[in-house]
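Coordinates from work_24.tsv are shown below (TSV, C-alpha atoms and all ligand atoms).
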```tsv
chain	number	residue	atom	x	y	z
D	1	MET	CA	2.37	23.67	-10.06
D	2	GLY	CA	4.58	21.12	-8.27
D	3	ILE	CA	3.22	20.41	-4.81
D	4	GLU	CA	5.80	19.20	-2.34
D	5	ILE	CA	5.26	18.15	1.26
D	6	HIS	CA	7.93	19.02	3.86
D	7	PRO	CA	8.19	18.92	7.64
D	8	ILE	CA	7.30	22.36	9.04
D	9	THR	CA	10.14	24.78	9.88
D	10	ALA	CA	10.04	27.79	12.21
D	11	ALA	CA	10.09	30.09	9.15
D	12	ASP	CA	6.83	28.50	7.91
D	13	ILE	CA	4.85	29.32	11.05
D	14	PRO	CA	3.38	32.73	10.05
D	15	SER	CA	2.17	31.32	6.73
D	16	VAL	CA	0.87	28.15	8.42
D	17	ALA	CA	-1.15	30.20	10.93
D	18	ASP	CA	-2.58	32.32	8.10
D	19	CYS	CA	-3.43	29.18	6.09
D	20	ILE	CA	-5.28	27.64	9.05
D	21	GLN	CA	-7.14	30.88	9.80
D	22	GLN	CA	-8.29	31.31	6.21
D	23	SER	CA	-9.22	27.65	5.72
D	24	PHE	CA	-11.39	27.59	8.85
D	25	ALA	CA	-13.06	31.00	8.37
D	26	ASP	CA	-16.37	29.36	7.36
D	27	ASP	CA	-16.00	26.28	9.56
D	28	PRO	CA	-19.10	25.57	11.71
D	29	TYR	CA	-17.00	25.10	14.88
D	30	HIS	CA	-15.21	28.40	14.31
D	31	ILE	CA	-18.52	30.23	13.73
D	32	TRP	CA	-20.03	28.64	16.85
D	33	ALA	CA	-17.04	29.20	19.14
D	34	PHE	CA	-16.09	32.76	18.10
D	35	ASP	CA	-18.28	35.83	18.48
D	36	GLN	CA	-19.47	36.68	14.97
D	37	ARG	CA	-20.68	40.19	15.74
D	38	PRO	CA	-18.81	42.96	13.89
D	39	GLY	CA	-15.56	43.94	15.60
D	40	LYS	CA	-15.60	41.04	18.06
D	41	PHE	CA	-13.27	38.58	16.31
D	42	ASP	CA	-9.64	39.72	16.69
D	43	LYS	CA	-7.77	38.30	13.70
D	44	GLU	CA	-4.33	39.24	15.07
D	45	ARG	CA	-5.10	37.72	18.48
D	46	ASN	CA	-6.25	34.53	16.76
D	47	LEU	CA	-3.06	34.41	14.64
D	48	ALA	CA	-0.92	34.78	17.78
D	49	SER	CA	-2.78	31.86	19.36
D	50	LEU	CA	-2.35	29.76	16.21
D	51	ARG	CA	1.38	30.56	16.07
D	52	ALA	CA	1.79	29.37	19.67
D	53	LYS	CA	-0.05	26.15	18.80
D	54	CYS	CA	2.21	25.67	15.75
D	55	GLU	CA	5.36	26.13	17.88
D	56	TRP	CA	4.04	23.45	20.20
D	57	GLY	CA	3.11	21.24	17.23
D	58	MET	CA	6.61	21.51	15.75
D	59	ARG	CA	7.99	19.74	18.80
D	60	ASN	CA	5.12	17.40	19.67
D	61	ALA	CA	3.32	16.40	16.48
D	62	LEU	CA	3.87	15.03	13.00
D	63	PHE	CA	3.56	18.38	11.27
D	64	TYR	CA	3.85	18.89	7.52
D	65	VAL	CA	3.34	21.72	5.08
D	66	ALA	CA	2.47	21.69	1.38
D	67	LYS	CA	4.11	24.24	-0.91
D	68	ASP	CA	4.30	24.89	-4.61
D	69	SER	CA	7.93	24.22	-5.55
D	70	ASP	CA	7.60	26.84	-8.33
D	71	ASP	CA	6.56	29.59	-5.88
D	72	PRO	CA	9.63	31.51	-4.62
D	73	SER	CA	7.59	33.16	-1.83
D	74	GLY	CA	7.36	29.80	-0.04
D	75	GLN	CA	3.71	30.42	0.83
D	76	VAL	CA	2.18	27.46	2.67
D	77	LEU	CA	-0.78	26.06	0.69
D	78	GLY	CA	-1.75	23.31	3.09
D	79	VAL	CA	-0.92	21.92	6.52
D	80	GLY	CA	-1.37	18.62	8.29
D	81	MET	CA	-0.71	18.19	12.01
D	82	TRP	CA	-1.12	14.71	13.47
D	83	MET	CA	-0.59	13.30	16.93
D	84	LYS	CA	1.29	10.02	17.10
D	85	PRO	CA	-0.57	7.00	18.49
D	86	ARG	CA	-0.28	6.82	22.23
D	87	ASN	CA	-0.70	3.62	24.15
D	88	ALA	CA	-3.52	4.01	26.70
D	89	THR	CA	-1.14	3.11	29.55
D	90	GLU	CA	1.75	5.29	28.32
D	91	PRO	CA	2.27	8.26	30.66
D	92	GLU	CA	3.10	11.75	29.39
D	93	THR	CA	6.86	12.38	29.28
D	94	TRP	CA	8.45	15.24	31.21
D	95	ALA	CA	9.28	16.97	27.89
D	96	GLU	CA	5.63	16.74	26.76
D	97	TRP	CA	4.42	18.00	30.12
D	98	LEU	CA	6.85	20.93	29.94
D	99	ASP	CA	5.81	21.76	26.39
D	100	GLY	CA	2.13	21.67	27.39
D	101	TYR	CA	2.93	24.05	30.23
D	102	LEU	CA	4.88	26.33	27.84
D	103	LEU	CA	1.89	26.46	25.47
D	104	TRP	CA	-0.41	27.29	28.39
D	105	PHE	CA	2.00	30.07	29.44
D	106	LYS	CA	2.19	31.51	25.89
D	107	GLN	CA	-1.61	31.50	25.60
D	108	GLY	CA	-1.76	33.26	28.98
D	109	TRP	CA	0.69	35.86	27.70
D	110	ASN	CA	-1.49	36.35	24.58
D	111	LEU	CA	-4.47	36.89	26.89
D	112	VAL	CA	-2.64	39.73	28.63
D	113	ARG	CA	-1.01	41.16	25.49
D	114	TYR	CA	-4.25	41.32	23.49
D	115	GLN	CA	-6.39	42.09	26.55
D	116	GLY	CA	-8.82	39.28	25.97
D	117	ARG	CA	-9.55	36.17	24.03
D	118	GLY	CA	-10.22	37.86	20.70
D	119	GLY	CA	-13.87	36.83	20.54
D	120	LEU	CA	-13.48	33.23	21.70
D	121	ASN	CA	-16.52	32.15	23.69
D	122	THR	CA	-14.74	30.24	26.49
D	123	LYS	CA	-17.96	28.68	27.75
D	124	ARG	CA	-18.44	27.08	24.33
D	125	TYR	CA	-14.76	26.13	24.08
D	126	TRP	CA	-14.96	24.19	27.36
D	127	ILE	CA	-18.29	22.57	26.36
D	128	TRP	CA	-16.56	21.30	23.21
D	129	LYS	CA	-13.54	20.04	25.17
D	130	GLN	CA	-15.79	18.12	27.60
D	131	VAL	CA	-17.98	16.60	24.87
D	132	GLN	CA	-14.84	15.65	22.95
D	133	ALA	CA	-13.28	13.97	26.02
D	134	ASP	CA	-16.53	12.06	26.74
D	135	VAL	CA	-16.91	10.86	23.15
D	136	GLN	CA	-13.28	9.82	22.84
D	137	ALA	CA	-13.54	7.88	26.12
D	138	GLU	CA	-16.57	6.12	24.65
D	139	ILE	CA	-15.31	5.27	21.16
D	140	TRP	CA	-11.51	5.00	21.46
D	141	ASP	CA	-11.25	1.33	22.29
D	142	ASP	CA	-7.88	0.45	20.75
D	143	PRO	CA	-5.32	0.43	23.58
D	144	THR	CA	-2.47	0.94	21.08
D	145	GLY	CA	-3.88	4.36	20.13
D	146	TYR	CA	-4.60	6.19	16.90
D	147	TYR	CA	-2.90	8.56	14.51
D	148	PHE	CA	-5.05	11.59	15.38
D	149	CYS	CA	-5.51	14.29	12.77
D	150	ASN	CA	-5.39	17.44	14.88
D	151	ILE	CA	-5.38	19.89	11.96
D	152	VAL	CA	-5.65	19.49	8.21
D	153	ALA	CA	-6.25	22.59	6.14
D	154	VAL	CA	-5.76	23.66	2.55
D	155	ARG	CA	-5.84	27.32	1.59
D	156	PRO	CA	-9.12	28.43	-0.08
D	157	GLY	CA	-8.50	28.58	-3.83
D	158	ASN	CA	-6.23	25.53	-3.63
D	159	GLN	CA	-8.78	23.05	-2.29
D	160	GLY	CA	-9.94	20.16	-4.48
D	161	LYS	CA	-6.55	19.86	-6.22
D	162	GLY	CA	-5.18	16.86	-4.36
D	163	ILE	CA	-3.19	18.71	-1.65
D	164	GLY	CA	-5.32	17.39	1.23
D	165	ARG	CA	-4.94	13.85	-0.12
D	166	LYS	CA	-1.13	14.21	-0.15
D	167	LEU	CA	-1.09	15.55	3.44
D	168	ILE	CA	-3.38	12.78	4.71
D	169	GLU	CA	-1.83	9.89	2.77
D	170	LEU	CA	1.59	10.73	4.15
D	171	ILE	CA	0.28	9.55	7.52
D	172	THR	CA	-2.21	6.88	6.42
D	173	LYS	CA	0.55	5.08	4.50
D	174	THR	CA	2.63	4.95	7.69
D	175	ALA	CA	-0.45	3.82	9.62
D	176	ASP	CA	-1.04	1.01	7.11
D	177	ALA	CA	2.59	-0.11	7.31
D	178	GLU	CA	2.32	-0.20	11.13
D	179	ASP	CA	-1.20	-1.71	11.10
D	180	ARG	CA	-2.55	1.28	13.03
D	181	LYS	CA	-5.88	3.08	12.98
D	182	CYS	CA	-6.37	6.78	12.24
D	183	TYR	CA	-8.94	9.17	13.71
D	184	LEU	CA	-10.24	12.65	12.98
D	185	GLU	CA	-13.12	14.99	13.87
D	186	SER	CA	-14.77	17.31	11.38
D	187	SER	CA	-17.41	19.93	12.08
D	188	LYS	CA	-18.22	20.26	8.39
D	189	ALA	CA	-20.42	17.46	7.06
D	190	VAL	CA	-20.38	18.69	3.45
D	191	PRO	CA	-18.05	18.21	1.68
D	192	ASN	CA	-15.65	16.85	4.31
D	193	ILE	CA	-17.33	13.52	5.05
D	194	ALA	CA	-17.25	12.63	1.33
D	195	ILE	CA	-13.61	13.75	1.09
D	196	TYR	CA	-12.52	11.67	4.10
D	197	GLU	CA	-14.53	8.65	2.91
D	198	LYS	CA	-12.45	8.74	-0.28
D	199	LEU	CA	-9.38	8.52	1.93
D	200	GLY	CA	-10.69	5.46	3.79
D	201	PHE	CA	-12.40	7.04	6.84
D	202	THR	CA	-15.91	6.20	8.00
D	203	VAL	CA	-18.17	8.07	10.42
D	204	ALA	CA	-18.36	6.36	13.83
D	205	LYS	CA	-20.30	8.96	15.80
D	206	LYS	CA	-21.91	12.36	15.63
D	207	MET	CA	-20.76	14.61	18.46
D	208	GLU	CA	-23.19	17.38	19.47
D	209	CYS	CA	-22.22	20.65	21.16
D	210	GLU	CA	-25.00	23.00	22.26
D	211	GLU	CA	-25.04	26.31	24.10
D	212	GLY	CA	-27.65	29.06	24.26
D	213	GLY	CA	-29.80	27.38	21.61
D	214	ASP	CA	-26.91	27.20	19.10
D	215	LYS	CA	-25.86	23.67	18.20
D	216	ILE	CA	-23.14	22.18	16.06
D	217	ASP	CA	-22.47	18.61	15.04
D	218	LEU	CA	-18.99	17.19	14.72
D	219	TYR	CA	-18.31	13.92	12.93
D	220	CYS	CA	-15.89	11.44	14.47
D	221	MET	CA	-14.29	9.30	11.78
D	222	PHE	CA	-11.98	6.29	11.97
D	223	ARG	CA	-9.81	4.72	9.33
D	224	GLU	CA	-8.90	1.04	9.59
D	225	PRO	CA	-5.43	0.07	8.38
D	226	ARG	CA	-5.39	-1.40	4.91
D	227	PRO	CA	-3.60	-4.71	4.52
D	228	LYS	CA	-0.39	-4.54	2.53
D	229	SER	CA	-0.91	-5.82	-1.01
D	230	LYS	CA	0.78	-9.16	-1.52
D	231	PRO	CA	3.32	-9.41	-4.36
D	232	LYS	CA	1.88	-11.25	-7.36
D	233	PRO	CA	3.19	-14.82	-7.72
R	301	LIG	C1	-10.88	19.17	3.88
R	301	LIG	C2	-9.63	19.57	3.08
R	301	LIG	C3	-8.40	19.47	3.99
R	301	LIG	C4	-9.42	18.58	1.91
R	301	LIG	O1	-8.29	18.96	1.16
R	301	LIG	P1	-8.40	19.18	-0.44
R	301	LIG	O2	-7.05	19.50	-0.94
R	301	LIG	O3	-9.49	20.13	-0.72
R	301	LIG	O4	-8.83	17.70	-0.91
R	301	LIG	P2	-8.29	16.89	-2.18
R	301	LIG	O5	-8.33	17.77	-3.39
R	301	LIG	O6	-6.99	16.25	-1.85
R	301	LIG	O7	-9.40	15.78	-2.34
R	301	LIG	C5	-9.34	14.51	-1.70
R	301	LIG	C6	-10.42	13.63	-2.31
R	301	LIG	O8	-11.70	14.18	-2.00
R	301	LIG	C7	-12.39	14.52	-3.21
R	301	LIG	N1	-13.04	15.82	-3.04
R	301	LIG	C8	-12.43	17.02	-2.96
R	301	LIG	N2	-13.37	17.98	-2.80
R	301	LIG	C9	-14.57	17.35	-2.82
R	301	LIG	C10	-15.90	17.81	-2.70
R	301	LIG	N3	-16.20	19.10	-2.59
R	301	LIG	N4	-16.90	16.90	-2.72
R	301	LIG	C11	-16.62	15.56	-2.85
R	301	LIG	N5	-15.37	15.07	-2.96
R	301	LIG	C12	-14.36	15.96	-2.95
R	301	LIG	C13	-11.34	14.59	-4.30
R	301	LIG	O9	-11.88	14.28	-5.56
R	301	LIG	C14	-10.32	13.58	-3.83
R	301	LIG	O10	-10.67	12.27	-4.21
R	301	LIG	P3	-9.97	11.59	-5.51
R	301	LIG	O11	-8.48	11.77	-5.31
R	301	LIG	O12	-10.42	10.18	-5.40
R	301	LIG	O13	-10.48	12.32	-6.70
R	301	LIG	C15	-9.74	21.01	2.50
R	301	LIG	O14	-10.81	21.07	1.61
R	301	LIG	C16	-9.89	22.09	3.55
R	301	LIG	O15	-8.90	22.61	4.06
R	301	LIG	N6	-11.13	22.52	3.89
R	301	LIG	C17	-11.35	23.63	4.79
R	301	LIG	C18	-10.84	23.37	6.20
R	301	LIG	C19	-11.35	22.08	6.73
R	301	LIG	O16	-12.54	21.78	6.72
R	301	LIG	N7	-10.42	21.26	7.26
R	301	LIG	C20	-10.72	19.94	7.79
R	301	LIG	C21	-11.11	20.00	9.21
R	301	LIG	S1	-11.43	18.37	9.83
```

Could you express the structure from this file as structure tokens?
Ligand SMILES: CC(C)(COP(=O)(O)OP(=O)(O)OC[C@H]1O[C@@H](n2cnc3c(N)ncnc32)[C@H](O)[C@@H]1OP(=O)(O)O)[C@@H](O)C(=O)NCCC(=O)NCCS
Amino acid sequence: MGIEIHPITAADIPSVADCIQQSFADDPYHIWAFDQRPGKFDKERNLASLRAKCEWGMRNALFYVAKDSDDPSGQVLGVGMWMKPRNATEPETWAEWLDGYLLWFKQGWNLVRYQGRGGLNTKRYWIWKQVQADVQAEIWDDPTGYYFCNIVAVRPGNQGKGIGRKLIELITKTADAEDRKCYLESSKAVPNIAIYEKLGFTVAKKMECEEGGDKIDLYCMFREPRPKSKPKP
């Protein structure tokens, strides 16, 4: 198996959405935010929403896919979507604003087309968004911004084989060269904290989301840039 990392293309999007959906099926945030009762989670509706997010990510994020170069089907085995560091004083560009609006419109269209949110508990979604905004306002103190890992996912059955490391190191190497920090949030303590620690991240804060007696913890992790190794004299 020869794993290669490439920038995402439009043709990859269906496989990327499927990879994300499968990788997060047992994720604590997913279980908390989506109705788990039989027949409530609409897989197709969720895939449509993920595809819209991927189309947005193609234009606005550092978005890479991992594939097996020996697999002619081109199935995506892993994905990494990162937001570039943004200076705290840097305003959103018109193109970014327009793309955000386009995503909002597509998600609105999905709402109409699938006649609902496919089991997403919107009250919980907005609780998470608010807690996330509050925590980031509290702990993001570098005005030059962070490489923010928005999505990293490796298809079940392919995890633990070094694909996640490749997808993450692609960005952390750039961050090191630019002397920048990286940031991510994970709702899975085990095994993700141990995995990310191996890649240089440390937990800075536990973020708690609670609704109707159901609570989840998300772990906010930073990675400091590593100094470039000096050539031996
Ligand atoms: C988290 C995830 C992206 C990691 O990708 P992966 O391909 O499984 O990880 P890798 O095989 O590249 O492992 C990276 C490092 O973590 C270690 N590691 C992997 N699985 C581990 C485990 N279960 N326990 C402890 N360490 C582990 C590896 O040994 C490796 O370190 P090494 O290179 O020093 O040996 C992947 O497991 C995944 O998609 N999980 C489900 C979705 C998810 O939780 N996404 C993250 C949301 S924040």

## Note on the structure
CA of Asp217 (chain D) to CA of Lys129 (chain D) measures 13.6 Å

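If you measure from each of D:Glu178, D:Glu224, D:Asp35, D:Asp26 to ligand LIG 301 (chain R) using only C-alpha atoms and all ligand atoms, the closest one turns out to be D:Asp26.
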
Would you tabulate, counting all atoms listed in the file, all residues of chain D that have an atom at most 8 Å from an atom of ligand LIG 301 (chain R), showing the closest pair of atoms and their distance in Å to one decimal, sorted by chain then ascending number, as JSON lines?
```
{"residue": "D:Ile20", "atom": "CA", "partner": "R:LIG301", "partner_atom": "C18", "distance": 7.6}
{"residue": "D:Ser23", "atom": "CA", "partner": "R:LIG301", "partner_atom": "C18", "distance": 4.6}
{"residue": "D:Phe24", "atom": "CA", "partner": "R:LIG301", "partner_atom": "C18", "distance": 5.0}
{"residue": "D:Asp27", "atom": "CA", "partner": "R:LIG301", "partner_atom": "O16", "distance": 6.3}
{"residue": "D:Gly78", "atom": "CA", "partner": "R:LIG301", "partner_atom": "O15", "distance": 7.2}
{"residue": "D:Cys149", "atom": "CA", "partner": "R:LIG301", "partner_atom": "S1", "distance": 7.8}
{"residue": "D:Asn150", "atom": "CA", "partner": "R:LIG301", "partner_atom": "S1", "distance": 7.9}
{"residue": "D:Ile151", "atom": "CA", "partner": "R:LIG301", "partner_atom": "C21", "distance": 6.4}
{"residue": "D:Val152", "atom": "CA", "partner": "R:LIG301", "partner_atom": "C3", "distance": 5.0}
{"residue": "D:Ala153", "atom": "CA", "partner": "R:LIG301", "partner_atom": "O15", "distance": 3.4}
{"residue": "D:Val154", "atom": "CA", "partner": "R:LIG301", "partner_atom": "O15", "distance": 3.6}
{"residue": "D:Arg155", "atom": "CA", "partner": "R:LIG301", "partner_atom": "O15", "distance": 6.1}
{"residue": "D:Pro156", "atom": "CA", "partner": "R:LIG301", "partner_atom": "O15", "distance": 7.1}
{"residue": "D:Asn158", "atom": "CA", "partner": "R:LIG301", "partner_atom": "O2", "distance": 6.7}
{"residue": "D:Gln159", "atom": "CA", "partner": "R:LIG301", "partner_atom": "O3", "distance": 3.4}
{"residue": "D:Gly160", "atom": "CA", "partner": "R:LIG301", "partner_atom": "O5", "distance": 3.1}
{"residue": "D:Lys161", "atom": "CA", "partner": "R:LIG301", "partner_atom": "O5", "distance": 3.9}
{"residue": "D:Gly162", "atom": "CA", "partner": "R:LIG301", "partner_atom": "O6", "distance": 3.2}
{"residue": "D:Ile163", "atom": "CA", "partner": "R:LIG301", "partner_atom": "O2", "distance": 4.0}
{"residue": "D:Gly164", "atom": "CA", "partner": "R:LIG301", "partner_atom": "O1", "distance": 3.4}
{"residue": "D:Arg165", "atom": "CA", "partner": "R:LIG301", "partner_atom": "O6", "distance": 3.6}
{"residue": "D:Lys166", "atom": "CA", "partner": "R:LIG301", "partner_atom": "O6", "distance": 6.4}
{"residue": "D:Leu167", "atom": "CA", "partner": "R:LIG301", "partner_atom": "O6", "distance": 8.0}
{"residue": "D:Leu184", "atom": "CA", "partner": "R:LIG301", "partner_atom": "S1", "distance": 6.6}
{"residue": "D:Glu185", "atom": "CA", "partner": "R:LIG301", "partner_atom": "S1", "distance": 5.5}
{"residue": "D:Ser186", "atom": "CA", "partner": "R:LIG301", "partner_atom": "S1", "distance": 3.8}
{"residue": "D:Ser187", "atom": "CA", "partner": "R:LIG301", "partner_atom": "S1", "distance": 6.6}
{"residue": "D:Lys188", "atom": "CA", "partner": "R:LIG301", "partner_atom": "O16", "distance": 6.1}
{"residue": "D:Val190", "atom": "CA", "partner": "R:LIG301", "partner_atom": "N4", "distance": 7.3}
{"residue": "D:Pro191", "atom": "CA", "partner": "R:LIG301", "partner_atom": "N4", "distance": 4.7}
{"residue": "D:Asn192", "atom": "CA", "partner": "R:LIG301", "partner_atom": "C1", "distance": 5.3}
{"residue": "D:Ala194", "atom": "CA", "partner": "R:LIG301", "partner_atom": "C11", "distance": 5.1}
{"residue": "D:Ile195", "atom": "CA", "partner": "R:LIG301", "partner_atom": "O8", "distance": 3.7}
{"residue": "D:Tyr196", "atom": "CA", "partner": "R:LIG301", "partner_atom": "O8", "distance": 6.6}
{"residue": "D:Glu197", "atom": "CA", "partner": "R:LIG301", "partner_atom": "O8", "distance": 7.9}
{"residue": "D:Lys198", "atom": "CA", "partner": "R:LIG301", "partner_atom": "O10", "distance": 5.6}
{"residue": "D:Leu199", "atom": "CA", "partner": "R:LIG301", "partner_atom": "C6", "distance": 6.7}
```

## Note on the structure
Correct to one decimal, the distance CA of Tyr147 (chain D)-CA of Lys181 (chain D) is 6.4 Å

#### Entry: Surrounding residues of Thr202 (chain D) excluding itself and chain neighbours under 2 positions, 9 Å, all atoms listed in the file, as a PyMOL selection string
chain D and resi 193+196-197+200+204+220-224

### Gap from CA of Trp82 (chain D) to CA of Arg59 (chain D) - Å, one decimal
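Atom-to-atom, CA of Trp82 (chain D) and CA of Arg59 (chain D) are spaced 11.7 Å apart.
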
### Query
Which residues come within 10 Å of Trp109 (chain D), counting all atoms listed in the file, excluding same-chain residues fewer than 6 positions away, as an MDAnalysis selection string?
chainID D and resid 49 103 115

### Query
So which one's closest to Ile8 (chain D), D:Phe105, D:Phe34, D:Tyr64, D:Tyr29? Using all atoms listed in the file, please.
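Checking each candidate against Ile8 (chain D), we get D:Tyr64 as the closest.
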
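Shortest separation to Lys53 (chain D) among D:Asp176, D:Asp70, D:Glu210, D:Asp99 occurs at residue D:Asp99, atoms counted being all atoms listed in the file.
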
### Task
Using all atoms listed in the file, find the one residue out of D:Glu208, D:Ala17, D:Asn60, D:Pro143 that sits nearest to Gly100 (chain D).
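Using all atoms listed in the file, the shortest distance to Gly100 (chain D) belongs to D:Asn60.
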
### Message
Between D:Gly80, D:Met58, D:Asp141, D:Tyr125, which residue has the minimum interatomic distance to Glu169 (chain D), considering only C-alpha atoms?
### Response
D:Gly80

### Task
Would you kindly identify which residues have an atom no farther than 12 Å from (-4.8, 40.8, 22.2), using only C-alpha atoms and the file's own coordinates, and write them out as a list in words?
Lys40, Phe41, Asp42, Lys43, Glu44, Arg45, Asn46, Leu47, Ala48, Ser49, Gln107, Gly108, Trp109, Asn110, Leu111, Val112, Arg113, Tyr114, Gln115, Gly116, Arg117, Gly118, Gly119 and Leu120 of chain D

### Task
Check the smallest atom-to-atom distance from each of D:Gln21, D:Thr9, D:Gln132, D:Gln36 to Val65 (chain D) using all atoms listed in the file, then report the winner.
D:Thr9

With the input short on atoms, add N, CA and C atoms back to region 40-55 of chain D and write it as a compact mmCIF listing (two decimals), keeping the file's coordinate frame.
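Below you can see selection-v2.txt, which holds the result:
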```txt
# COMPACT_ATOMS: atom_id res chain seq x y z
N LYS D 40 -15.85 41.90 16.90
CA LYS D 40 -15.60 41.04 18.06
C LYS D 40 -14.46 40.06 17.83
N PHE D 41 -14.33 39.54 16.59
CA PHE D 41 -13.27 38.58 16.31
C PHE D 41 -11.97 39.33 16.04
N ASP D 42 -10.93 39.05 16.85
CA ASP D 42 -9.64 39.72 16.69
C ASP D 42 -8.72 38.80 15.89
N LYS D 43 -8.55 39.14 14.61
CA LYS D 43 -7.77 38.30 13.70
C LYS D 43 -6.32 38.16 14.18
N GLU D 44 -5.73 39.27 14.62
CA GLU D 44 -4.33 39.24 15.07
C GLU D 44 -4.17 38.39 16.33
N ARG D 45 -5.12 38.51 17.24
CA ARG D 45 -5.10 37.72 18.48
C ARG D 45 -5.20 36.23 18.14
N ASN D 46 -6.07 35.91 17.19
CA ASN D 46 -6.25 34.53 16.76
C ASN D 46 -4.98 33.99 16.09
N LEU D 47 -4.32 34.84 15.28
CA LEU D 47 -3.06 34.41 14.64
C LEU D 47 -1.98 34.14 15.69
N ALA D 48 -1.93 34.98 16.72
CA ALA D 48 -0.92 34.78 17.78
C ALA D 48 -1.16 33.44 18.48
N SER D 49 -2.43 33.13 18.70
CA SER D 49 -2.78 31.86 19.36
C SER D 49 -2.42 30.68 18.44
N LEU D 50 -2.70 30.82 17.15
CA LEU D 50 -2.35 29.76 16.21
C LEU D 50 -0.84 29.57 16.10
N ARG D 51 -0.09 30.67 16.14
CA ARG D 51 1.38 30.56 16.07
C ARG D 51 1.91 29.78 17.28
N ALA D 52 1.35 30.09 18.47
CA ALA D 52 1.79 29.37 19.67
C ALA D 52 1.49 27.88 19.54
N LYS D 53 0.31 27.56 19.00
CA LYS D 53 -0.05 26.15 18.80
C LYS D 53 0.90 25.48 17.81
N CYS D 54 1.29 26.22 16.75
CA CYS D 54 2.21 25.67 15.75
C CYS D 54 3.59 25.41 16.37
N GLU D 55 4.05 26.33 17.23
CA GLU D 55 5.36 26.13 17.88
C GLU D 55 5.33 24.87 18.73
```
